[in-house]
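Shown next: work_28.pdb, containing PDB, C-alpha atoms.
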```pdb
ATOM      1  CA  MET Z   1       0.000   0.000   0.000
ATOM      2  CA  LEU Z   2       1.342   3.404  -1.016
ATOM      3  CA  GLN Z   3       0.312   6.488   0.961
ATOM      4  CA  LEU Z   4       1.512  10.053   0.444
ATOM      5  CA  TYR Z   5       1.411  12.795   3.095
ATOM      6  CA  LYS Z   6       2.615  16.371   3.195
ATOM      7  CA  THR Z   7       2.539  19.284   5.591
ATOM      8  CA  VAL Z   8       1.525  22.453   3.771
ATOM      9  CA  GLU Z   9       1.386  25.651   5.841
ATOM     10  CA  ASP Z  10       0.857  23.687   9.079
ATOM     11  CA  GLU Z  11      -1.906  21.669   7.420
ATOM     12  CA  PHE Z  12      -1.469  17.915   7.092
ATOM     13  CA  GLN Z  13      -2.596  16.729   3.652
ATOM     14  CA  ILE Z  14      -2.972  13.427   1.804
ATOM     15  CA  LEU Z  15      -1.540  13.537  -1.722
ATOM     16  CA  ASP Z  16      -2.014  11.563  -4.925
ATOM     17  CA  GLU Z  17       1.397  12.262  -6.414
ATOM     18  CA  ILE Z  18       4.919  12.314  -4.992
ATOM     19  CA  SER Z  19       6.216  15.842  -4.509
ATOM     20  CA  GLU Z  20       9.056  17.634  -2.767
ATOM     21  CA  GLY Z  21       8.751  17.739   1.019
ATOM     22  CA  CYS Z  22       6.271  14.870   1.218
ATOM     23  CA  TRP Z  23       6.334  11.610   3.130
ATOM     24  CA  VAL Z  24       6.055   8.420   1.076
ATOM     25  CA  ALA Z  25       4.726   5.614   3.290
ATOM     26  CA  LEU Z  26       4.962   2.085   1.872
ATOM     27  CA  THR Z  27       3.209  -0.638   3.865
ATOM     28  CA  LYS Z  28       3.624  -4.166   2.516
ATOM     29  CA  PRO Z  29       4.121  -2.696  -0.961
ATOM     30  CA  THR Z  30       3.615  -4.435  -4.290
ATOM     31  CA  HIS Z  31       6.365  -4.685  -6.911
ATOM     32  CA  GLU Z  32       4.671  -1.957  -8.948
ATOM     33  CA  GLU Z  33       4.638   0.425  -5.964
ATOM     34  CA  LEU Z  34       8.295  -0.293  -5.191
ATOM     35  CA  TYR Z  35       9.403   0.384  -8.754
ATOM     36  CA  ARG Z  36       7.291   3.542  -8.940
ATOM     37  CA  VAL Z  37       8.825   4.956  -5.755
ATOM     38  CA  ALA Z  38      12.315   3.898  -6.839
ATOM     39  CA  GLU Z  39      11.905   5.643 -10.190
ATOM     40  CA  GLU Z  40      10.422   8.860  -8.777
ATOM     41  CA  THR Z  41      12.731   9.222  -5.765
ATOM     42  CA  GLY Z  42      16.014   7.834  -7.089
ATOM     43  CA  ILE Z  43      16.292   5.233  -4.319
ATOM     44  CA  ASP Z  44      17.621   1.845  -5.404
ATOM     45  CA  VAL Z  45      14.815  -0.708  -5.507
ATOM     46  CA  ASP Z  46      16.983  -3.287  -3.719
ATOM     47  CA  ASP Z  47      17.368  -0.865  -0.808
ATOM     48  CA  LEU Z  48      13.585  -0.425  -0.741
ATOM     49  CA  ARG Z  49      13.125  -4.213  -0.610
ATOM     50  CA  ALA Z  50      15.475  -4.645   2.355
ATOM     51  CA  PRO Z  51      12.872  -4.016   5.130
ATOM     52  CA  LEU Z  52      10.554  -6.603   3.536
ATOM     53  CA  ASP Z  53      12.910  -9.324   4.801
ATOM     54  CA  ASP Z  54      11.947  -9.917   8.441
ATOM     55  CA  GLU Z  55      15.496 -11.133   9.151
ATOM     56  CA  GLU Z  56      17.123  -7.916   7.909
ATOM     57  CA  ARG Z  57      19.565  -6.439  10.428
ATOM     58  CA  SER Z  58      19.478  -2.877  11.718
ATOM     59  CA  ARG Z  59      21.999  -0.587  10.061
ATOM     60  CA  ILE Z  60      22.645   2.844   8.575
ATOM     61  CA  GLU Z  61      23.999   3.278   5.048
ATOM     62  CA  GLN Z  62      25.038   6.457   3.295
ATOM     63  CA  GLU Z  63      24.491   6.499  -0.457
ATOM     64  CA  ALA Z  64      25.267   9.321  -2.860
ATOM     65  CA  ASP Z  65      21.780  10.868  -2.874
ATOM     66  CA  TYR Z  66      20.101   9.409   0.196
ATOM     67  CA  VAL Z  67      20.629   7.872   3.620
ATOM     68  CA  VAL Z  68      19.188   4.475   4.597
ATOM     69  CA  VAL Z  69      18.230   3.876   8.231
ATOM     70  CA  LEU Z  70      17.026   0.356   9.087
ATOM     71  CA  VAL Z  71      15.775  -0.330  12.610
ATOM     72  CA  ASP Z  72      13.718  -3.031  14.285
ATOM     73  CA  ILE Z  73      10.297  -2.119  15.656
ATOM     74  CA  PRO Z  74       8.109  -4.112  18.084
ATOM     75  CA  SER Z  75       5.078  -5.936  16.769
ATOM     76  CA  VAL Z  76       2.573  -8.683  17.614
ATOM     77  CA  ASP Z  77       2.215 -11.571  15.154
ATOM     78  CA  GLU Z  78      -0.907 -13.539  14.232
ATOM     79  CA  LYS Z  79      -0.382 -15.874  17.209
ATOM     80  CA  GLU Z  80      -0.256 -12.887  19.583
ATOM     81  CA  ARG Z  81       3.453 -13.329  20.190
ATOM     82  CA  TYR Z  82       5.718 -10.321  20.665
ATOM     83  CA  VAL Z  83       8.255 -10.072  17.853
ATOM     84  CA  THR Z  84      10.261  -7.435  15.997
ATOM     85  CA  ILE Z  85      10.138  -6.478  12.315
ATOM     86  CA  PRO Z  86      12.338  -4.165  10.216
ATOM     87  CA  LEU Z  87      11.404  -0.578   9.395
ATOM     88  CA  GLY Z  88      13.225   1.204   6.600
ATOM     89  CA  ILE Z  89      13.576   4.988   6.626
ATOM     90  CA  TYR Z  90      15.047   6.672   3.541
ATOM     91  CA  MET Z  91      16.000  10.327   3.692
ATOM     92  CA  THR Z  92      16.670  12.023   0.368
ATOM     93  CA  LYS Z  93      17.369  15.687  -0.288
ATOM     94  CA  LYS Z  94      13.704  16.301  -1.038
ATOM     95  CA  LEU Z  95      11.559  13.818   0.884
ATOM     96  CA  ILE Z  96      11.222  10.922   3.336
ATOM     97  CA  VAL Z  97      10.306   7.345   2.430
ATOM     98  CA  THR Z  98       9.341   4.634   4.932
ATOM     99  CA  VAL Z  99       8.917   0.927   4.152
ATOM    100  CA  CYS Z 100       7.431  -1.648   6.522
ATOM    101  CA  LEU Z 101       5.969  -5.144   6.300
ATOM    102  CA  GLU Z 102       2.793  -4.202   8.163
ATOM    103  CA  GLU Z 103       0.907  -1.319   9.679
ATOM    104  CA  THR Z 104       2.536  -0.240  12.896
ATOM    105  CA  PRO Z 105       1.509   2.143  15.693
ATOM    106  CA  VAL Z 106       4.929   3.765  15.337
ATOM    107  CA  LEU Z 107       3.895   5.280  11.986
ATOM    108  CA  LYS Z 108       0.139   5.267  12.522
ATOM    109  CA  ALA Z 109       0.397   8.185  14.943
ATOM    110  CA  PHE Z 110       2.055  10.290  12.249
ATOM    111  CA  MET Z 111      -0.467   9.216   9.616
ATOM    112  CA  ASN Z 112      -3.277  10.323  11.910
ATOM    113  CA  ASN Z 113      -1.443  13.600  12.637
ATOM    114  CA  ARG Z 114      -1.336  12.919  16.372
ATOM    115  CA  VAL Z 115       2.312  13.924  16.880
ATOM    116  CA  LYS Z 116       3.115  17.429  18.049
ATOM    117  CA  GLU Z 117       5.487  19.573  16.005
ATOM    118  CA  PHE Z 118       5.462  17.083  13.149
ATOM    119  CA  PHE Z 119       6.252  18.442   9.685
ATOM    120  CA  THR Z 120       7.063  16.251   6.702
ATOM    121  CA  PHE Z 121       9.472  18.808   5.237
ATOM    122  CA  LYS Z 122      11.640  18.761   8.393
ATOM    123  CA  ARG Z 123      13.209  15.516   7.323
ATOM    124  CA  THR Z 124      15.885  15.044   9.992
ATOM    125  CA  ARG Z 125      13.508  15.885  12.811
ATOM    126  CA  PHE Z 126      10.864  13.603  11.305
ATOM    127  CA  VAL Z 127      13.311  10.672  11.267
ATOM    128  CA  PHE Z 128      14.282  11.286  14.884
ATOM    129  CA  GLN Z 129      10.616  11.555  15.869
ATOM    130  CA  ILE Z 130       9.979   8.134  14.295
ATOM    131  CA  LEU Z 131      12.924   6.693  16.194
ATOM    132  CA  TYR Z 132      11.695   8.278  19.426
ATOM    133  CA  ARG Z 133       8.224   6.786  19.045
ATOM    134  CA  ASN Z 134       9.840   3.451  18.256
ATOM    135  CA  ALA Z 135      11.840   3.536  21.508
ATOM    136  CA  THR Z 136       8.740   4.465  23.528
ATOM    137  CA  SER Z 137       6.815   1.668  21.778
ATOM    138  CA  TYR Z 138       9.360  -0.828  23.081
ATOM    139  CA  LEU Z 139       8.829   0.515  26.593
ATOM    140  CA  ARG Z 140       5.051   0.197  26.224
ATOM    141  CA  TYR Z 141       5.278  -3.383  24.954
ATOM    142  CA  LEU Z 142       7.676  -4.272  27.759
ATOM    143  CA  ARG Z 143       5.199  -3.010  30.365
ATOM    144  CA  ILE Z 144       2.451  -5.068  28.705
ATOM    145  CA  MET Z 145       4.680  -8.144  28.801
ATOM    146  CA  ASP Z 146       5.445  -7.502  32.477
ATOM    147  CA  ARG Z 147       1.736  -7.371  33.321
ATOM    148  CA  ARG Z 148       1.167 -10.502  31.260
ATOM    149  CA  SER Z 149       3.896 -12.346  33.176
ATOM    150  CA  GLU Z 150       2.265 -11.344  36.481
ATOM    151  CA  GLN Z 151      -1.068 -12.763  35.279
ATOM    152  CA  ILE Z 152       0.624 -16.030  34.298
ATOM    153  CA  GLU Z 153       2.335 -16.225  37.696
ATOM    154  CA  GLU Z 154      -1.043 -15.878  39.435
ATOM    155  CA  LYS Z 155      -2.374 -18.760  37.335
ATOM    156  CA  LEU Z 156       0.702 -20.858  38.084
ATOM    157  CA  ILE Z 157       0.222 -20.481  41.826
ATOM    158  CA  VAL Z 158      -3.198 -22.110  41.475
ATOM    159  CA  SER Z 159      -2.889 -24.521  38.554
ATOM    160  CA  GLN Z 160       0.863 -25.167  38.125
ATOM    161  CA  LYS Z 161       0.357 -26.567  34.627
ATOM    162  CA  ASN Z 162       2.800 -26.828  31.753
ATOM    163  CA  LYS Z 163       0.679 -24.432  29.677
ATOM    164  CA  GLU Z 164       1.541 -21.483  31.894
ATOM    165  CA  LEU Z 165       5.215 -22.463  31.924
ATOM    166  CA  MET Z 166       5.229 -22.512  28.129
ATOM    167  CA  GLU Z 167       3.656 -19.041  28.091
ATOM    168  CA  LEU Z 168       6.438 -17.802  30.361
ATOM    169  CA  LEU Z 169       8.979 -19.402  28.028
ATOM    170  CA  GLN Z 170       7.406 -17.613  25.051
ATOM    171  CA  LEU Z 171       7.565 -14.279  26.866
ATOM    172  CA  GLU Z 172      11.195 -14.967  27.693
ATOM    173  CA  LYS Z 173      11.927 -15.635  24.007
ATOM    174  CA  SER Z 174      10.177 -12.386  23.060
ATOM    175  CA  LEU Z 175      12.361 -10.507  25.539
ATOM    176  CA  VAL Z 176      15.444 -12.014  23.907
ATOM    177  CA  TYR Z 177      14.204 -10.747  20.524
ATOM    178  CA  PHE Z 178      13.544  -7.318  22.010
ATOM    179  CA  THR Z 179      16.947  -7.104  23.667
ATOM    180  CA  THR Z 180      18.759  -8.135  20.488
ATOM    181  CA  SER Z 181      16.819  -5.627  18.377
ATOM    182  CA  LEU Z 182      17.285  -2.825  20.898
ATOM    183  CA  ARG Z 183      21.037  -3.360  20.971
ATOM    184  CA  SER Z 184      21.140  -3.266  17.162
ATOM    185  CA  ASN Z 185      19.074  -0.088  17.190
ATOM    186  CA  GLU Z 186      21.470   1.412  19.732
ATOM    187  CA  ILE Z 187      24.374   1.002  17.299
ATOM    188  CA  VAL Z 188      22.350   2.736  14.571
ATOM    189  CA  LEU Z 189      21.455   5.621  16.903
ATOM    190  CA  GLU Z 190      25.071   6.100  17.955
ATOM    191  CA  LYS Z 191      26.125   6.223  14.297
ATOM    192  CA  LEU Z 192      23.383   8.738  13.556
ATOM    193  CA  LEU Z 193      24.679  10.934  16.359
ATOM    194  CA  ARG Z 194      28.217  10.869  14.938
ATOM    195  CA  THR Z 195      27.540  11.030  11.200
ATOM    196  CA  GLU Z 196      27.794  14.329   9.368
ATOM    197  CA  LYS Z 197      25.854  13.051   6.363
ATOM    198  CA  VAL Z 198      22.615  13.789   8.182
ATOM    199  CA  LYS Z 199      22.303  17.503   8.854
ATOM    200  CA  LYS Z 200      21.277  18.095  12.458
ATOM    201  CA  TYR Z 201      20.126  21.275  14.165
ATOM    202  CA  PRO Z 202      20.687  21.718  17.930
ATOM    203  CA  GLU Z 203      17.074  20.763  18.753
ATOM    204  CA  ASP Z 204      17.444  17.693  16.511
ATOM    205  CA  GLU Z 205      20.541  16.583  18.431
ATOM    206  CA  ASP Z 206      18.653  16.980  21.693
ATOM    207  CA  LEU Z 207      15.842  14.813  20.331
ATOM    208  CA  LEU Z 208      18.287  12.150  19.142
ATOM    209  CA  GLU Z 209      19.936  12.094  22.571
ATOM    210  CA  ASP Z 210      16.468  11.578  24.084
ATOM    211  CA  VAL Z 211      15.962   8.671  21.688
ATOM    212  CA  ILE Z 212      19.258   7.116  22.808
ATOM    213  CA  VAL Z 213      18.273   7.510  26.472
ATOM    214  CA  GLU Z 214      14.863   5.904  25.877
ATOM    215  CA  ASN Z 215      16.470   3.071  23.944
ATOM    216  CA  LYS Z 216      18.963   2.409  26.749
ATOM    217  CA  GLN Z 217      16.127   2.398  29.256
ATOM    218  CA  ALA Z 218      14.271  -0.141  27.124
ATOM    219  CA  ILE Z 219      17.387  -2.354  27.016
ATOM    220  CA  GLU Z 220      17.704  -2.220  30.812
ATOM    221  CA  MET Z 221      14.007  -3.009  31.283
ATOM    222  CA  ALA Z 222      14.209  -5.926  28.842
ATOM    223  CA  ASN Z 223      17.245  -7.336  30.672
ATOM    224  CA  ILE Z 224      15.550  -6.968  34.063
ATOM    225  CA  TYR Z 225      12.287  -8.557  32.913
ATOM    226  CA  SER Z 226      14.180 -11.346  31.165
ATOM    227  CA  GLY Z 227      16.101 -12.167  34.350
ATOM    228  CA  ILE Z 228      12.935 -12.100  36.447
ATOM    229  CA  LEU Z 229      11.076 -14.326  33.977
ATOM    230  CA  SER Z 230      13.936 -16.816  33.808
ATOM    231  CA  GLU Z 231      14.142 -17.094  37.598
ATOM    232  CA  THR Z 232      10.353 -17.267  37.939
ATOM    233  CA  ARG Z 233      10.073 -20.023  35.351
ATOM    234  CA  ASP Z 234      12.842 -22.024  37.022
ATOM    235  CA  ALA Z 235      11.248 -21.506  40.438
ATOM    236  CA  PHE Z 236       7.823 -22.706  39.319
ATOM    237  CA  ALA Z 237       9.370 -25.626  37.442
ATOM    238  CA  SER Z 238      11.080 -26.637  40.698
ATOM    239  CA  VAL Z 239       7.800 -26.251  42.606
ATOM    240  CA  ILE Z 240       5.962 -28.442  40.105
ATOM    241  CA  SER Z 241       8.722 -31.032  40.257
ATOM    242  CA  ASN Z 242       8.687 -30.947  44.062
ATOM    243  CA  ASN Z 243       4.902 -31.352  44.149
ATOM    244  CA  LEU Z 244       5.222 -34.350  41.851
ATOM    245  CA  ASN Z 245       7.775 -35.875  44.215
ATOM    246  CA  VAL Z 246       5.415 -35.317  47.167
ATOM    247  CA  VAL Z 247       2.565 -37.031  45.302
ATOM    248  CA  MET Z 248       4.794 -39.954  44.309
ATOM    249  CA  LYS Z 249       6.021 -40.308  47.905
ATOM    250  CA  PHE Z 250       2.431 -40.338  49.184
ATOM    251  CA  LEU Z 251       1.347 -42.931  46.625
ATOM    252  CA  SER Z 252       4.364 -45.121  47.412
ATOM    253  CA  THR Z 253       3.568 -44.939  51.125
ATOM    254  CA  VAL Z 254      -0.086 -45.833  50.522
ATOM    255  CA  THR Z 255       1.023 -48.758  48.367
ATOM    256  CA  ILE Z 256       3.273 -50.082  51.165
ATOM    257  CA  VAL Z 257       0.514 -49.693  53.762
ATOM    258  CA  LEU Z 258      -2.039 -51.509  51.591
ATOM    259  CA  SER Z 259       0.415 -54.287  50.823
ATOM    260  CA  ILE Z 260       0.422 -55.379  54.518
ATOM    261  CA  PRO Z 261      -3.198 -56.645  54.735
ATOM    262  CA  THR Z 262      -2.907 -57.923  51.160
ATOM    263  CA  MET Z 263       0.151 -60.010  52.069
ATOM    264  CA  ILE Z 264      -1.479 -61.416  55.230
ATOM    265  CA  ALA Z 265      -4.648 -62.280  53.336
ATOM    266  CA  SER Z 266      -2.528 -63.973  50.681
ATOM    267  CA  PHE Z 267      -0.744 -66.117  53.283
ATOM    268  CA  PHE Z 268      -3.950 -67.264  54.926
ATOM    269  CA  GLY Z 269      -5.640 -67.741  51.587
ATOM    270  CA  MET Z 270      -3.308 -70.573  50.580
ATOM    271  CA  ASN Z 271      -4.988 -73.935  50.022
ATOM    272  CA  PHE Z 272      -3.214 -75.896  52.832
ATOM    273  CA  ILE Z 273      -4.874 -78.401  55.185
ATOM    274  CA  ASN Z 274      -3.177 -77.353  58.427
ATOM    275  CA  ILE Z 275      -3.051 -73.615  57.884
ATOM    276  CA  PRO Z 276      -2.788 -71.679  61.213
ATOM    277  CA  LEU Z 277      -6.210 -70.786  62.687
ATOM    278  CA  GLY Z 278      -7.779 -72.706  59.826
ATOM    279  CA  GLN Z 279      -9.938 -74.745  62.218
ATOM    280  CA  ASN Z 280     -10.663 -71.909  64.644
ATOM    281  CA  PRO Z 281     -14.232 -70.507  64.345
ATOM    282  CA  GLN Z 282     -12.846 -67.039  65.143
ATOM    283  CA  GLY Z 283      -9.860 -67.416  62.782
ATOM    284  CA  PHE Z 284     -11.141 -64.940  60.183
ATOM    285  CA  TYR Z 285     -11.677 -62.226  62.786
ATOM    286  CA  ILE Z 286      -8.298 -62.860  64.415
ATOM    287  CA  VAL Z 287      -6.466 -62.632  61.093
ATOM    288  CA  SER Z 288      -8.412 -59.493  60.060
ATOM    289  CA  ALA Z 289      -7.763 -57.838  63.407
ATOM    290  CA  SER Z 290      -4.063 -58.682  63.163
ATOM    291  CA  ALA Z 291      -3.897 -57.150  59.671
ATOM    292  CA  VAL Z 292      -5.621 -53.969  60.903
ATOM    293  CA  VAL Z 293      -3.335 -53.651  63.937
ATOM    294  CA  LEU Z 294      -0.231 -54.197  61.840
ATOM    295  CA  THR Z 295      -1.465 -51.633  59.284
ATOM    296  CA  VAL Z 296      -2.099 -49.065  62.038
ATOM    297  CA  VAL Z 297       1.411 -49.644  63.398
ATOM    298  CA  ILE Z 298       2.962 -49.121  59.952
ATOM    299  CA  VAL Z 299       0.890 -45.940  59.426
ATOM    300  CA  SER Z 300       2.028 -44.607  62.811
ATOM    301  CA  ILE Z 301       5.670 -45.259  61.944
ATOM    302  CA  PHE Z 302       5.298 -43.498  58.563
ATOM    303  CA  LYS Z 303       3.600 -40.510  60.237
ATOM    304  CA  LYS Z 304       6.488 -40.110  62.656
ATOM    305  CA  LYS Z 305       8.848 -40.073  59.668
ATOM    306  CA  ASN Z 306       6.612 -37.455  57.898
ATOM    307  CA  LEU Z 307       5.896 -39.836  55.058
ATOM    308  CA  PHE Z 308       2.164 -39.087  55.274
TER     309      PHE Z 308
END
```
Spell out the structure here as structure tokens.
Amino acid sequence: MLQLYKTVEDEFQILDEISEGCWVALTKPTHEELYRVAEETGIDVDDLRAPLDDEERSRIEQEADYVVVLVDIPSVDEKERYVTIPLGIYMTKKLIVTVCLEETPVLKAFMNNRVKEFFTFKRTRFVFQILYRNATSYLRYLRIMDRRSEQIEEKLIVSQKNKELMELLQLEKSLVYFTTSLRSNEIVLEKLLRTEKVKKYPEDEDLLEDVIVENKQAIEMANIYSGILSETRDAFASVISNNLNVVMKFLSTVTIVLSIPTMIASFFGMNFINIPLGQNPQGFYIVSASAVVLTVVIVSIFKKKNLF
């Protein structure tokens, strides 16, 4: 999908044709849209295709007529798992181009004109604003994941099933993805701060430094949450294993206790002529009482040893 936006005299407009000072937003573009943008902007079509590969790494490249900034942004896939996808930002001398695999809240806020002091013709500031919203999006997703982990922990306390443990494992994997992407983004931000290819005004440098601070905070939060999740998952796995051992110990003890009367009944059930108490009218009651007494003694011994 190809969308064109432009700020004209503080008024945000939607265009039909690419013009100087506009923002070209490509979301899961077709080949025709890619070639059209490449032809009209002078950006190499292979560079425009790069963000369409979900394994593309974050980087910054300086070409003759434009600068390529590739960063990872947070997203939620069709299975409601937290992942990261590439976002390509291309800054030419006349306009800005963005390419992404799917619609993202990072860009949606700009498309809906909900960002203060946003102007499409202020290209450097626009790029830094995108990066700032991306960093804050990571923080928002991390808080959501933290709340989700707390909900899973509450379920684990009651149910202690493998399903909840697998959900914790999935969250832990998502945090690994986030941490890796945030560290890659950090390298790109540091290069942006140092490069002279991108013209920066003092207020732009301040904004970029804010982006770097937010990104570092997101990395720290991801590391903290990842450590907490790992320890929580291991703790609950140990609890589940311990509970299983308690159940097995109880069942083993019950089996031993029940084997006593079973063994006595087996002895006196043998088909011998002179079996003890075989001729006694009260033999059945004596044997049964002996089995009960012996069982009670065994139970008492096990209770003293905390096996019950």
request  = Can you give me, as an NGL selection string, the residues this file yields under the PyMOL selection byres ((chain Z and resi 212) around 12)?
outcome  = :Z and (128-129 or 131-136 or 182-193 or 205-211 or 213-219)
Selected by the PyMOL selection byres ((chain Z and resi 225-236) around 10) in the shown coordinates: which residues, as a PyMOL selection string? chain Z and resi 142-143+145-146+149-150+153+156-157+160-162+164-169+171-176+179+219-224+237-242
* To do: Kindly extract all protein, DNA and RNA residues lying within 8 Å of the coordinates (8.1, -5.8, 18.2) given in the file, considering all atoms listed in the file, and supply them as a list of chain:residue names.
  => Z:Asp72, Z:Ile73, Z:Pro74, Z:Ser75, Z:Val76, Z:Tyr82, Z:Val83, Z:Thr84, Z:Ile85, Z:Tyr138, Z:Tyr141, Z:Phe178
Per residue of stretch 50-151 of chain Z within 7 Å of stretch 14-30 of chain Z, note the shortest atom pair and the distance in Å to one decimal, counting only C-alpha atoms, and order the rows by chain and increasing residue number, as CSV.
```
residue,atom,partner,partner_atom,distance
Z:Lys94,CA,Z:Glu20,CA,5.1
Z:Leu95,CA,Z:Gly21,CA,4.8
Z:Ile96,CA,Z:Trp23,CA,4.9
Z:Val97,CA,Z:Val24,CA,4.6
Z:Thr98,CA,Z:Ala25,CA,5.0
Z:Val99,CA,Z:Leu26,CA,4.7
Z:Cys100,CA,Z:Thr27,CA,5.1
Z:Leu101,CA,Z:Lys28,CA,4.6
Z:Glu102,CA,Z:Thr27,CA,5.6
Z:Glu103,CA,Z:Thr27,CA,6.3
Z:Thr120,CA,Z:Cys22,CA,5.7
Z:Phe121,CA,Z:Gly21,CA,4.4
```
Counting all atoms listed in the file, the residue among Z:Glu33, Z:Lys199, Z:Ala291, Z:Lys305 that lies closest to Z:Met263 is Z:Ala291
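Here atom CA of Z:Tyr285 is placed at a distance of 19.7 Å from atom CA of Z:Val257.
We find atom CA of Z:Thr262 and atom CA of Z:Asn274 to be spaced 20.7 Å apart.
The residue that comes closest to Z:Leu48, out of Z:Phe110, Z:Tyr201, Z:Tyr66, Z:Phe268 and on the basis of all atoms listed in the file, is Z:Tyr66.
A straight line drawn from atom CA of Z:Glu63 to atom CA of Z:Leu34 is 18.2 Å long.
Of the listed residues Z:Lys200, Z:Thr253, Z:Ser181, Z:Met91, the one whose atoms come nearest to Z:Val71 is Z:Ser181, with distances taken using all atoms listed in the file.
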